[in-house]
$ cat my_file-v8.txt   # compact mmCIF, C-alpha atoms
# COMPACT_ATOMS: atom_id res chain seq x y z
CA MET A 13 127.66 99.83 116.99
CA ALA A 14 126.15 96.89 115.15
CA ASN A 15 122.62 98.12 115.78
CA GLU A 16 123.27 101.78 114.93
CA VAL A 17 120.36 103.37 113.10
CA LYS A 18 121.38 105.68 110.29
CA THR A 19 118.04 106.04 108.49
CA ILE A 20 114.70 106.43 110.26
CA GLY A 21 111.37 105.80 108.60
CA ILE A 22 108.09 107.23 109.82
CA LEU A 23 104.46 106.35 109.15
CA THR A 24 101.00 107.04 110.55
CA SER A 25 98.60 104.15 110.79
CA GLY A 26 94.94 103.54 111.66
CA GLY A 27 92.63 106.42 112.49
CA ASP A 28 94.04 109.93 112.11
CA ALA A 29 94.33 112.18 115.16
CA PRO A 30 95.02 115.90 115.58
CA GLY A 31 98.67 116.35 116.52
CA MET A 32 100.04 113.62 114.29
CA ASN A 33 101.69 116.26 112.10
CA ALA A 34 103.42 117.74 115.13
CA ALA A 35 104.81 114.29 115.92
CA ILE A 36 105.95 113.78 112.32
CA ARG A 37 107.64 117.17 112.37
CA ALA A 38 109.43 116.37 115.63
CA VAL A 39 110.67 113.00 114.36
CA VAL A 40 112.02 114.50 111.15
CA ARG A 41 113.78 117.44 112.78
CA ARG A 42 115.09 115.55 115.83
CA ALA A 43 116.48 112.84 113.58
CA ILE A 44 118.19 115.36 111.29
CA ALA A 45 119.62 117.13 114.35
CA ASN A 46 121.15 113.77 115.35
CA GLY A 47 122.70 113.25 111.91
CA LYS A 48 120.13 110.71 110.70
CA LYS A 49 118.38 110.44 107.38
CA VAL A 50 114.59 110.31 107.36
CA LYS A 51 112.18 108.63 104.98
CA GLY A 52 108.45 109.27 105.03
CA ILE A 53 106.10 106.39 104.28
CA GLN A 54 102.71 107.33 102.86
CA LYS A 55 99.43 105.61 103.82
CA GLY A 56 100.67 103.51 106.73
CA TYR A 57 101.58 99.86 106.34
CA GLN A 58 99.73 99.73 103.03
CA GLY A 59 102.03 102.40 101.69
CA LEU A 60 105.03 100.51 103.02
CA LEU A 61 104.03 97.41 101.07
CA ASN A 62 103.42 99.60 98.01
CA GLU A 63 106.83 101.26 98.52
CA GLU A 64 105.36 104.76 98.72
CA ILE A 65 108.53 106.00 100.38
CA SER A 66 110.41 109.27 99.93
CA ASP A 67 113.22 111.25 101.58
CA MET A 68 112.18 113.89 104.09
CA GLU A 69 114.05 117.08 104.94
CA ALA A 70 113.32 119.73 107.55
CA ARG A 71 111.53 121.89 104.99
CA ASN A 72 109.11 119.03 104.21
CA VAL A 73 107.50 119.51 107.60
CA SER A 74 107.46 123.31 107.60
CA ASP A 75 104.00 124.83 108.16
CA THR A 76 102.50 121.52 109.30
CA ILE A 77 102.40 121.71 113.10
CA GLN A 78 99.05 123.55 113.10
CA ARG A 79 97.37 121.27 110.57
CA GLY A 80 94.92 118.50 111.47
CA GLY A 81 95.03 115.02 110.01
CA THR A 82 98.34 113.58 108.83
CA VAL A 83 100.48 114.81 105.93
CA LEU A 84 101.71 111.23 105.50
CA ARG A 85 98.10 110.07 105.20
CA THR A 86 96.90 106.80 106.68
CA ALA A 87 95.13 103.58 105.73
CA ARG A 88 94.09 100.20 107.09
CA CYS A 89 96.03 97.18 105.82
CA ASP A 90 94.73 93.65 106.34
CA GLU A 91 97.64 92.24 104.34
CA PHE A 92 100.07 93.43 106.99
CA LYS A 93 98.32 91.28 109.60
CA THR A 94 99.77 88.21 107.86
CA LEU A 95 103.31 86.88 108.42
CA GLU A 96 103.93 87.10 104.68
CA GLY A 97 102.97 90.77 104.63
CA GLN A 98 105.13 91.50 107.68
CA LYS A 99 108.18 89.82 106.12
CA GLN A 100 107.60 91.74 102.91
CA GLY A 101 107.39 95.00 104.89
CA ALA A 102 110.68 94.28 106.65
CA GLU A 103 112.40 93.48 103.34
CA ILE A 104 111.13 96.74 101.85
CA CYS A 105 112.48 98.66 104.85
CA LYS A 106 115.88 97.03 104.34
CA LYS A 107 115.75 97.71 100.62
CA HIS A 108 115.29 101.43 101.32
CA GLY A 109 117.93 101.46 104.05
CA ILE A 110 115.43 101.97 106.88
CA GLU A 111 116.95 100.45 110.02
CA GLY A 112 114.57 102.18 112.43
CA LEU A 113 110.87 102.96 112.12
CA VAL A 114 108.60 105.28 114.09
CA VAL A 115 104.94 104.26 113.98
CA ILE A 116 102.29 106.76 115.09
CA GLY A 117 98.91 105.20 115.85
CA GLY A 118 96.94 103.02 118.24
CA ASP A 119 97.22 99.46 119.50
CA GLY A 120 96.65 97.94 116.05
CA SER A 121 99.55 100.00 114.72
CA TYR A 122 101.70 98.73 117.59
CA ARG A 123 101.08 95.15 116.56
CA GLY A 124 102.50 95.97 113.15
CA ALA A 125 105.54 97.59 114.78
CA GLN A 126 105.92 94.56 117.02
CA ALA A 127 105.92 92.28 113.98
CA LEU A 128 108.54 94.37 112.16
CA SER A 129 110.75 94.32 115.24
CA LYS A 130 110.74 90.52 115.11
CA GLN A 131 111.88 90.80 111.50
CA GLY A 132 114.93 92.86 112.44
CA ILE A 133 113.64 96.44 112.06
CA ASN A 134 114.04 98.64 115.14
CA THR A 135 110.59 100.03 115.89
CA ILE A 136 109.19 102.65 118.25
CA GLY A 137 105.47 103.38 118.66
CA ILE A 138 103.92 106.75 119.46
CA PRO A 139 100.34 106.78 120.85
CA GLY A 140 98.28 108.69 118.30
CA THR A 141 94.56 108.15 118.89
CA ILE A 142 91.71 110.36 120.09
CA ASP A 143 90.30 107.48 122.14
CA LEU A 144 92.77 107.67 125.09
CA ASP A 145 92.50 103.88 125.29
CA ILE A 146 96.19 102.87 125.46
CA ALA A 147 96.90 101.64 128.97
CA CYS A 148 100.65 102.27 129.12
CA THR A 149 100.29 106.04 128.81
CA ASP A 150 98.27 108.71 130.59
CA TYR A 151 97.84 110.60 127.32
CA THR A 152 97.40 109.86 123.63
CA ILE A 153 97.89 112.41 120.86
CA GLY A 154 94.62 113.90 119.64
CA PHE A 155 92.50 113.44 122.75
CA ASP A 156 92.54 117.06 123.90
CA THR A 157 91.58 118.42 120.48
CA ALA A 158 88.83 115.83 120.07
CA ILE A 159 87.18 116.52 123.41
CA ASN A 160 87.29 120.28 122.86
CA THR A 161 85.77 119.87 119.39
CA ALA A 162 83.03 117.65 120.83
CA MET A 163 82.44 119.90 123.82
CA GLN A 164 81.90 122.95 121.63
CA ALA A 165 79.42 121.04 119.46
CA ILE A 166 77.57 119.74 122.53
CA ASP A 167 77.31 123.28 123.96
CA LYS A 168 75.60 124.39 120.75
CA ILE A 169 73.19 121.46 120.81
CA ARG A 170 72.47 122.19 124.46
CA ASP A 171 71.34 125.71 123.49
CA THR A 172 68.77 124.45 121.00
CA SER A 173 67.72 121.60 123.29
CA SER A 174 66.98 124.16 125.99
CA SER A 175 65.05 126.36 123.57
CA HIS A 176 62.84 123.50 122.44
CA GLU A 177 62.59 121.82 125.85
CA ARG A 178 63.66 118.51 124.39
CA CYS A 179 65.88 115.59 125.28
CA SER A 180 69.10 115.36 123.25
CA ILE A 181 71.27 112.28 122.83
CA ILE A 182 74.72 113.14 121.53
CA GLU A 183 76.95 110.29 120.42
CA VAL A 184 80.69 110.83 120.62
CA MET A 185 83.57 108.72 119.29
CA GLY A 186 85.95 106.50 121.25
CA ARG A 187 85.46 102.98 119.85
CA ASN A 188 85.00 100.75 122.93
CA ALA A 189 86.40 103.31 125.35
CA GLY A 190 84.32 105.90 127.16
CA TYR A 191 86.91 108.59 127.92
CA ILE A 192 85.63 111.12 125.36
CA ALA A 193 82.08 110.60 126.59
CA LEU A 194 83.10 110.92 130.25
CA TRP A 195 85.13 114.10 129.78
CA CYS A 196 82.54 115.74 127.53
CA GLY A 197 79.65 114.68 129.73
CA VAL A 198 81.16 116.17 132.88
CA SER A 199 82.33 119.29 131.05
CA THR A 200 78.92 120.06 129.53
CA GLY A 201 76.80 119.23 132.57
CA ALA A 202 75.06 116.23 131.00
CA GLU A 203 72.32 114.53 132.99
CA ASP A 204 73.29 111.04 131.77
CA ILE A 205 76.66 109.76 130.53
CA LEU A 206 76.65 106.31 128.94
CA LEU A 207 80.02 104.54 128.97
CA PRO A 208 80.78 101.08 127.54
CA GLU A 209 82.80 100.24 130.66
CA LYS A 210 79.94 101.06 133.05
CA TYR A 211 76.60 101.01 131.22
CA GLN A 212 74.21 98.24 132.33
CA TYR A 213 71.89 98.70 129.31
CA ASN A 214 69.07 99.69 131.65
CA GLU A 215 67.21 102.15 129.45
CA GLN A 216 64.35 102.33 131.90
CA GLU A 217 66.70 104.00 134.41
CA ILE A 218 67.39 106.76 131.86
CA ILE A 219 63.67 107.17 131.16
CA ASP A 220 62.90 107.38 134.90
CA ASN A 221 65.64 109.98 135.30
CA ILE A 222 64.21 112.13 132.50
CA ILE A 223 60.68 111.97 133.95
CA ALA A 224 61.92 112.71 137.48
CA ASN A 225 63.91 115.72 136.28
CA ARG A 226 60.93 117.05 134.33
CA LYS A 227 58.79 116.83 137.48
CA LYS A 228 61.46 118.85 139.31
CA GLY A 229 61.09 121.58 136.70
CA LYS A 230 64.06 120.76 134.48
CA THR A 231 62.94 121.57 130.95
CA PHE A 232 65.57 119.72 128.91
CA HIS A 233 67.80 116.66 129.25
CA LEU A 234 71.26 115.98 127.85
CA ILE A 235 72.57 112.44 127.31
CA ILE A 236 76.14 111.80 126.17
CA ASN A 237 76.36 108.38 124.55
CA ALA A 238 79.66 106.67 123.74
CA GLU A 239 80.29 105.14 120.31
CA GLY A 240 80.87 101.76 121.96
CA ILE A 241 77.19 101.71 122.98
CA GLY A 242 75.84 103.43 119.87
CA HIS A 243 72.29 103.07 118.52
CA SER A 244 71.52 106.67 119.50
CA THR A 245 68.79 107.18 116.90
CA SER A 246 66.76 104.12 117.92
CA MET A 247 67.35 104.99 121.57
CA ALA A 248 65.90 108.46 120.94
CA ARG A 249 62.78 106.97 119.39
CA ARG A 250 62.24 104.67 122.37
CA ILE A 251 62.79 107.44 124.93
CA GLU A 252 60.37 109.76 123.13
CA ALA A 253 57.72 107.03 122.98
CA ALA A 254 58.15 106.26 126.70
CA THR A 255 58.28 109.84 127.99
CA GLY A 256 56.27 111.83 125.48
CA ILE A 257 59.16 114.30 125.40
CA GLU A 258 60.60 115.28 122.02
CA THR A 259 63.96 113.50 121.75
CA ARG A 260 66.63 113.99 119.10
CA ALA A 261 69.88 112.14 118.43
CA THR A 262 73.03 113.73 117.04
CA ILE A 263 76.06 111.66 116.04
CA LEU A 264 79.11 113.93 115.98
CA GLY A 265 81.21 111.45 114.01
CA TYR A 266 84.45 112.23 112.24
CA MET A 267 84.44 115.95 112.97
CA GLN A 268 86.09 114.95 116.26
CA ARG A 269 89.18 113.70 114.40
CA GLY A 270 89.72 116.87 112.41
CA GLY A 271 90.71 120.43 113.06
CA SER A 272 93.81 122.28 114.16
CA PRO A 273 95.35 120.56 117.21
CA THR A 274 95.34 122.29 120.58
CA CYS A 275 98.53 123.54 122.22
CA LYS A 276 98.59 120.45 124.43
CA ASP A 277 98.40 118.08 121.47
CA ARG A 278 101.12 119.96 119.60
CA TYR A 279 103.41 120.00 122.63
CA TYR A 280 102.88 116.39 123.71
CA ALA A 281 103.25 115.15 120.14
CA SER A 282 106.49 117.08 119.75
CA MET A 283 107.94 115.62 122.95
CA MET A 284 106.88 112.08 122.05
CA GLY A 285 108.29 112.37 118.53
CA ALA A 286 111.65 113.57 119.80
CA TYR A 287 111.71 110.88 122.51
CA ALA A 288 111.04 108.16 119.91
CA VAL A 289 114.04 109.31 117.85
CA ASP A 290 116.24 109.32 120.94
CA LEU A 291 115.26 105.72 121.68
CA LEU A 292 116.20 104.66 118.15
CA CYS A 293 119.52 106.49 118.45
CA GLN A 294 120.15 104.40 121.59
CA GLY A 295 119.56 101.20 119.63
CA LYS A 296 116.19 100.46 121.27
CA THR A 297 113.45 98.52 119.52
CA ASN A 298 109.94 97.20 120.15
CA ARG A 299 109.16 100.11 122.46
CA VAL A 300 106.15 102.37 122.95
CA VAL A 301 106.55 105.99 124.03
CA GLY A 302 104.22 107.24 126.72
CA GLN A 303 103.66 109.77 129.47
CA LYS A 304 103.18 108.63 133.05
CA ASN A 305 102.89 110.81 136.12
CA GLY A 306 104.29 113.81 134.26
CA LYS A 307 107.32 111.95 132.89
CA TRP A 308 108.18 110.74 129.39
CA VAL A 309 108.57 106.97 129.52
CA ASP A 310 108.73 103.93 127.26
CA PHE A 311 107.49 100.36 127.53
CA ASP A 312 108.09 97.10 125.71
CA ILE A 313 105.33 96.75 123.12
CA ASP A 314 104.48 93.23 124.35
CA GLU A 315 104.05 94.60 127.87
CA ALA A 316 102.07 97.62 126.64
CA LEU A 317 99.61 95.53 124.65
CA ALA A 318 98.99 93.28 127.66
CA MET A 319 98.00 96.19 129.91
CA GLN A 320 94.35 96.90 130.65
CA LYS A 321 92.73 100.30 131.13
CA ASP A 322 89.41 101.16 132.72
CA ILE A 323 87.42 104.22 133.74
CA PRO A 324 88.55 105.23 137.26
CA ASP A 325 85.79 104.59 139.79
CA PHE A 326 86.34 107.99 141.43
CA GLU A 327 85.89 109.90 138.17
CA TYR A 328 82.81 107.89 137.23
CA GLY A 329 81.38 108.43 140.71
CA VAL A 330 81.94 112.18 140.39
CA SER A 331 80.18 112.23 137.01
CA ARG A 332 77.16 110.54 138.60
CA SER A 333 76.99 112.85 141.60
CA LEU A 334 77.35 116.02 139.56
CA SER A 335 74.43 115.09 137.28
CA ILE A 336 71.76 115.08 140.01

$ encode --input "my_file-v8.txt" --output "structure tokens"
Amino acid sequence: MANEVKTIGILTSGGDAPGMNAAIRAVVRRAIANGKKVKGIQKGYQGLLNEEISDMEARNVSDTIQRGGTVLRTARCDEFKTLEGQKQGAEICKKHGIEGLVVIGGDGSYRGAQALSKQGINTIGIPGTIDLDIACTDYTIGFDTAINTAMQAIDKIRDTSSSHERCSIIEVMGRNAGYIALWCGVSTGAEDILLPEKYQYNEQEIIDNIIANRKKGKTFHLIINAEGIGHSTSMARRIEAATGIETRATILGYMQRGGSPTCKDRYYASMMGAYAVDLLCQGKTNRVVGQKNGKWVDFDIDEALAMQKDIPDFEYGVSRSLSI
């Protein structure tokens, strides 16, 4: 076969996500099981341009499946957004004998993979992001761990909020997507859940809700605020001034990206990693691995990037009705 892939490269790009190591492990071991060589690329596309590339054997990924973060490390790379940088990256792949490349990351990482595919490198993307914001797949690696980490933190804040009879605003990650906020808000019984996809920036409605609940005898109020809305600290000051109720903001931040991945993240990452290798062994390129309706699937990267994803109206409606 003219397009047979003998050596597979692997990198992680963009924000790290729990479960990335499980995906790396699966790629390495599935490739070796199929008689392929594997090369690990450190620090994403930046590491590719810097030629931080080394051979990987099965033992290199031993004792990694339970670890958070990424053993290959990750970085942003503005240089790779240019055609010159993309051509240089493809030439470096060819120099090191890398005919196929697995890229674990989000939509920005896919654009890099898409560019390398145009330069003659077979590329497969794996959705690794806690944000759950990739439309072509029902699941992205890291989401389950992130929401459980956030949920446990919110439960603790809820305890102290109840003790002090205060209002608490807890800001969770997700960039411009509200999935972490929605899941955590419903799962912790929050009174208000602010999502970038749905929020009308009507702060008075939140204030009225707090006052109405206090009149009903509710002694504390929990607001889950998505990163895409932000400004939790200034929001807390305004709510306290308007209601007279002590209000505190907590920004959970990068703790949501860390920690040992859950069983779901380890399993899904392992399946996606193996599936990506199988696609390369079939001579496929410019594809994104995903999971739809309980099945492992793949899409053209161009098609995947064009898809749109929104918060389901039913789920948002449920979150509103359960918070009364």

$ residues_around --input "my_file-v8.txt" --residues "Asp143 in chain A" --least-positions-apart "4" --cutoff "8 Å" --atoms "only C-alpha atoms" --output "number ranges by chain"
A: 152, 155, 185-187, 189-192

$ residues_around --input "my_file-v8.txt" --residues "Thr82 in chain A" --least-positions-apart "2" --cutoff "9 Å" --atoms "all atoms listed in the file" --output "PyMOL selection string"
chain A and resi 24+28-33+36+76+79-80+84-86

$ write_last_selection --input "my_file-v8.txt" --atoms "C-alpha atoms" --output "PDB file, in the frame of the given file"
ATOM      1  CA  THR A  24     101.000 107.040 110.550  1.00  0.00           C
ATOM      2  CA  ASP A  28      94.040 109.930 112.110  1.00  0.00           C
ATOM      3  CA  ALA A  29      94.330 112.180 115.160  1.00  0.00           C
ATOM      4  CA  PRO A  30      95.020 115.900 115.580  1.00  0.00           C
ATOM      5  CA  GLY A  31      98.670 116.350 116.520  1.00  0.00           C
ATOM      6  CA  MET A  32     100.040 113.620 114.290  1.00  0.00           C
ATOM      7  CA  ASN A  33     101.690 116.260 112.100  1.00  0.00           C
ATOM      8  CA  ILE A  36     105.950 113.780 112.320  1.00  0.00           C
ATOM      9  CA  THR A  76     102.500 121.520 109.300  1.00  0.00           C
ATOM     10  CA  ARG A  79      97.370 121.270 110.570  1.00  0.00           C
ATOM     11  CA  GLY A  80      94.920 118.500 111.470  1.00  0.00           C
ATOM     12  CA  LEU A  84     101.710 111.230 105.500  1.00  0.00           C
ATOM     13  CA  ARG A  85      98.100 110.070 105.200  1.00  0.00           C
ATOM     14  CA  THR A  86      96.900 106.800 106.680  1.00  0.00           C
TER      15      THR A  86
END

$ closest_residue --input "my_file-v8.txt" --among "A:Gly140, A:Ala224, A:Asn188, A:Gly52" --to "Asp67 in chain A" --atoms "all atoms listed in the file"
A:Gly52

$ residues_around --input "my_file-v8.txt" --residues "Arg250 in chain A" --least-positions-apart "2" --cutoff "12 Å" --atoms "all atoms listed in the file" --output "PyMOL selection string"
chain A and resi 179+181+215-216+218-219+243-248+252-261

$ atom_distance --input "my_file-v8.txt" --atom1 "CA of Ala147 in chain A" --atom2 "CA of Ala318 in chain A"
8.7 Å

$ closest_atom_pairs --input "my_file-v8.txt" --of "range 121-199 of chain A" --to "range 88-100 of chain A" --cutoff "12 Å" --atoms "all atoms listed in the file" --output "CSV"
residue,atom,partner,partner_atom,distance
A:Ser121,CA,A:Arg88,CA,9.4
A:Tyr122,CA,A:Lys93,CA,11.4
A:Arg123,CA,A:Lys93,CA,8.4
A:Gly124,CA,A:Phe92,CA,7.1
A:Ala125,CA,A:Gln98,CA,9.4
A:Gln126,CA,A:Gln98,CA,9.9
A:Ala127,CA,A:Gln98,CA,6.4
A:Leu128,CA,A:Gln98,CA,6.3
A:Ser129,CA,A:Gln98,CA,9.8
A:Lys130,CA,A:Gln98,CA,9.4
A:Gln131,CA,A:Lys99,CA,6.6
A:Gly132,CA,A:Lys99,CA,9.7
A:Ile133,CA,A:Lys99,CA,10.4

$ residues_near_point --input "my_file-v8.txt" --point "(66.0, 121.0, 126.5)" --cutoff "6 Å" --atoms "all atoms listed in the file" --output "NGL selection string"
:A and (173-174 or 176-179 or 231-233)

$ closest_residue --input "my_file-v8.txt" --among "A:Val17, A:Ile44, A:Ile336, A:Val115" --to "Lys228 in chain A" --atoms "all atoms listed in the file"
A:Ile336

$ residues_near_point --input "my_file-v8.txt" --point "(116.8, 97.8, 106.3)" --cutoff "12 Å" --atoms "all atoms listed in the file" --output "PDB file with C-alpha atoms, keeping the file's coordinate frame"
ATOM      1  CA  ASN A  15     122.620  98.120 115.780  1.00  0.00           C
ATOM      2  CA  GLU A  16     123.270 101.780 114.930  1.00  0.00           C
ATOM      3  CA  VAL A  17     120.360 103.370 113.100  1.00  0.00           C
ATOM      4  CA  LYS A  18     121.380 105.680 110.290  1.00  0.00           C
ATOM      5  CA  THR A  19     118.040 106.040 108.490  1.00  0.00           C
ATOM      6  CA  ILE A  20     114.700 106.430 110.260  1.00  0.00           C
ATOM      7  CA  GLY A  21     111.370 105.800 108.600  1.00  0.00           C
ATOM      8  CA  LYS A  51     112.180 108.630 104.980  1.00  0.00           C
ATOM      9  CA  LYS A  99     108.180  89.820 106.120  1.00  0.00           C
ATOM     10  CA  GLN A 100     107.600  91.740 102.910  1.00  0.00           C
ATOM     11  CA  GLY A 101     107.390  95.000 104.890  1.00  0.00           C
ATOM     12  CA  ALA A 102     110.680  94.280 106.650  1.00  0.00           C
ATOM     13  CA  GLU A 103     112.400  93.480 103.340  1.00  0.00           C
ATOM     14  CA  ILE A 104     111.130  96.740 101.850  1.00  0.00           C
ATOM     15  CA  CYS A 105     112.480  98.660 104.850  1.00  0.00           C
ATOM     16  CA  LYS A 106     115.880  97.030 104.340  1.00  0.00           C
ATOM     17  CA  LYS A 107     115.750  97.710 100.620  1.00  0.00           C
ATOM     18  CA  HIS A 108     115.290 101.430 101.320  1.00  0.00           C
ATOM     19  CA  GLY A 109     117.930 101.460 104.050  1.00  0.00           C
ATOM     20  CA  ILE A 110     115.430 101.970 106.880  1.00  0.00           C
ATOM     21  CA  GLU A 111     116.950 100.450 110.020  1.00  0.00           C
ATOM     22  CA  GLY A 112     114.570 102.180 112.430  1.00  0.00           C
ATOM     23  CA  LEU A 113     110.870 102.960 112.120  1.00  0.00           C
ATOM     24  CA  LEU A 128     108.540  94.370 112.160  1.00  0.00           C
ATOM     25  CA  SER A 129     110.750  94.320 115.240  1.00  0.00           C
ATOM     26  CA  GLN A 131     111.880  90.800 111.500  1.00  0.00           C
ATOM     27  CA  GLY A 132     114.930  92.860 112.440  1.00  0.00           C
ATOM     28  CA  ILE A 133     113.640  96.440 112.060  1.00  0.00           C
ATOM     29  CA  ASN A 134     114.040  98.640 115.140  1.00  0.00           C
ATOM     30  CA  THR A 135     110.590 100.030 115.890  1.00  0.00           C
TER      31      THR A 135
END

$ atom_distance --input "my_file-v8.txt" --atom1 "CA of Gly329 in chain A" --atom2 "CA of Gly302 in chain A"
26.8 Å

$ atom_distance --input "my_file-v8.txt" --atom1 "CA of Tyr279 in chain A" --atom2 "CA of Val39 in chain A"
13.0 Å

$ build_atoms --input "my_file-v8.txt" --residues "range 209-235 of chain A" --atoms "N, CA and C atoms" --output "CSV table (one decimal), in the frame of the given file"
chain,number,residue,atom,x,y,z
A,209,GLU,N,82.2,100.9,129.5
A,209,GLU,CA,82.8,100.2,130.7
A,209,GLU,C,81.8,100.1,131.8
A,210,LYS,N,80.8,101.0,131.9
A,210,LYS,CA,79.9,101.1,133.0
A,210,LYS,C,78.5,100.8,132.8
A,211,TYR,N,78.0,101.0,131.5
A,211,TYR,CA,76.6,101.0,131.2
A,211,TYR,C,76.0,99.6,131.4
A,212,GLN,N,74.9,99.5,132.1
A,212,GLN,CA,74.2,98.2,132.3
A,212,GLN,C,73.1,98.0,131.3
A,213,TYR,N,72.9,98.8,130.3
A,213,TYR,CA,71.9,98.7,129.3
A,213,TYR,C,70.5,98.7,129.9
A,214,ASN,N,70.4,99.5,131.0
A,214,ASN,CA,69.1,99.7,131.6
A,214,ASN,C,68.5,101.0,131.2
A,215,GLU,N,67.8,100.9,130.0
A,215,GLU,CA,67.2,102.2,129.4
A,215,GLU,C,66.1,102.7,130.3
A,216,GLN,N,65.4,101.9,131.1
A,216,GLN,CA,64.4,102.3,131.9
A,216,GLN,C,64.9,103.3,133.0
A,217,GLU,N,66.1,103.1,133.4
A,217,GLU,CA,66.7,104.0,134.4
A,217,GLU,C,66.9,105.4,133.8
A,218,ILE,N,67.3,105.5,132.5
A,218,ILE,CA,67.4,106.8,131.9
A,218,ILE,C,66.0,107.4,131.7
A,219,ILE,N,65.0,106.6,131.3
A,219,ILE,CA,63.7,107.2,131.2
A,219,ILE,C,63.1,107.7,132.5
A,220,ASP,N,63.4,106.9,133.6
A,220,ASP,CA,62.9,107.4,134.9
A,220,ASP,C,63.6,108.7,135.3
A,221,ASN,N,64.9,108.8,135.0
A,221,ASN,CA,65.6,110.0,135.3
A,221,ASN,C,65.1,111.2,134.6
A,222,ILE,N,64.8,111.0,133.3
A,222,ILE,CA,64.2,112.1,132.5
A,222,ILE,C,62.9,112.6,133.1
A,223,ILE,N,62.0,111.6,133.4
A,223,ILE,CA,60.7,112.0,134.0
A,223,ILE,C,60.8,112.7,135.3
A,224,ALA,N,61.7,112.1,136.1
A,224,ALA,CA,61.9,112.7,137.5
A,224,ALA,C,62.4,114.1,137.4
A,225,ASN,N,63.4,114.4,136.5
A,225,ASN,CA,63.9,115.7,136.3
A,225,ASN,C,62.9,116.7,135.8
A,226,ARG,N,62.0,116.2,134.9
A,226,ARG,CA,60.9,117.0,134.3
A,226,ARG,C,60.0,117.5,135.4
A,227,LYS,N,59.7,116.5,136.3
A,227,LYS,CA,58.8,116.8,137.5
A,227,LYS,C,59.4,117.9,138.4
A,228,LYS,N,60.8,117.9,138.5
A,228,LYS,CA,61.5,118.8,139.3
A,228,LYS,C,61.5,120.2,138.7
A,229,GLY,N,61.1,120.3,137.4
A,229,GLY,CA,61.1,121.6,136.7
A,229,GLY,C,62.2,121.7,135.7
A,230,LYS,N,63.0,120.7,135.5
A,230,LYS,CA,64.1,120.8,134.5
A,230,LYS,C,63.4,120.6,133.1
A,231,THR,N,63.7,121.5,132.2
A,231,THR,CA,62.9,121.6,131.0
A,231,THR,C,63.6,120.8,129.8
A,232,PHE,N,64.9,120.5,130.0
A,232,PHE,CA,65.6,119.7,128.9
A,232,PHE,C,66.5,118.7,129.5
A,233,HIS,N,67.0,117.8,128.7
A,233,HIS,CA,67.8,116.7,129.2
A,233,HIS,C,68.9,116.3,128.2
A,234,LEU,N,70.1,116.2,128.7
A,234,LEU,CA,71.3,116.0,127.8
A,234,LEU,C,71.9,114.6,128.2
A,235,ILE,N,72.0,113.8,127.2
A,235,ILE,CA,72.6,112.4,127.3
A,235,ILE,C,73.8,112.4,126.4
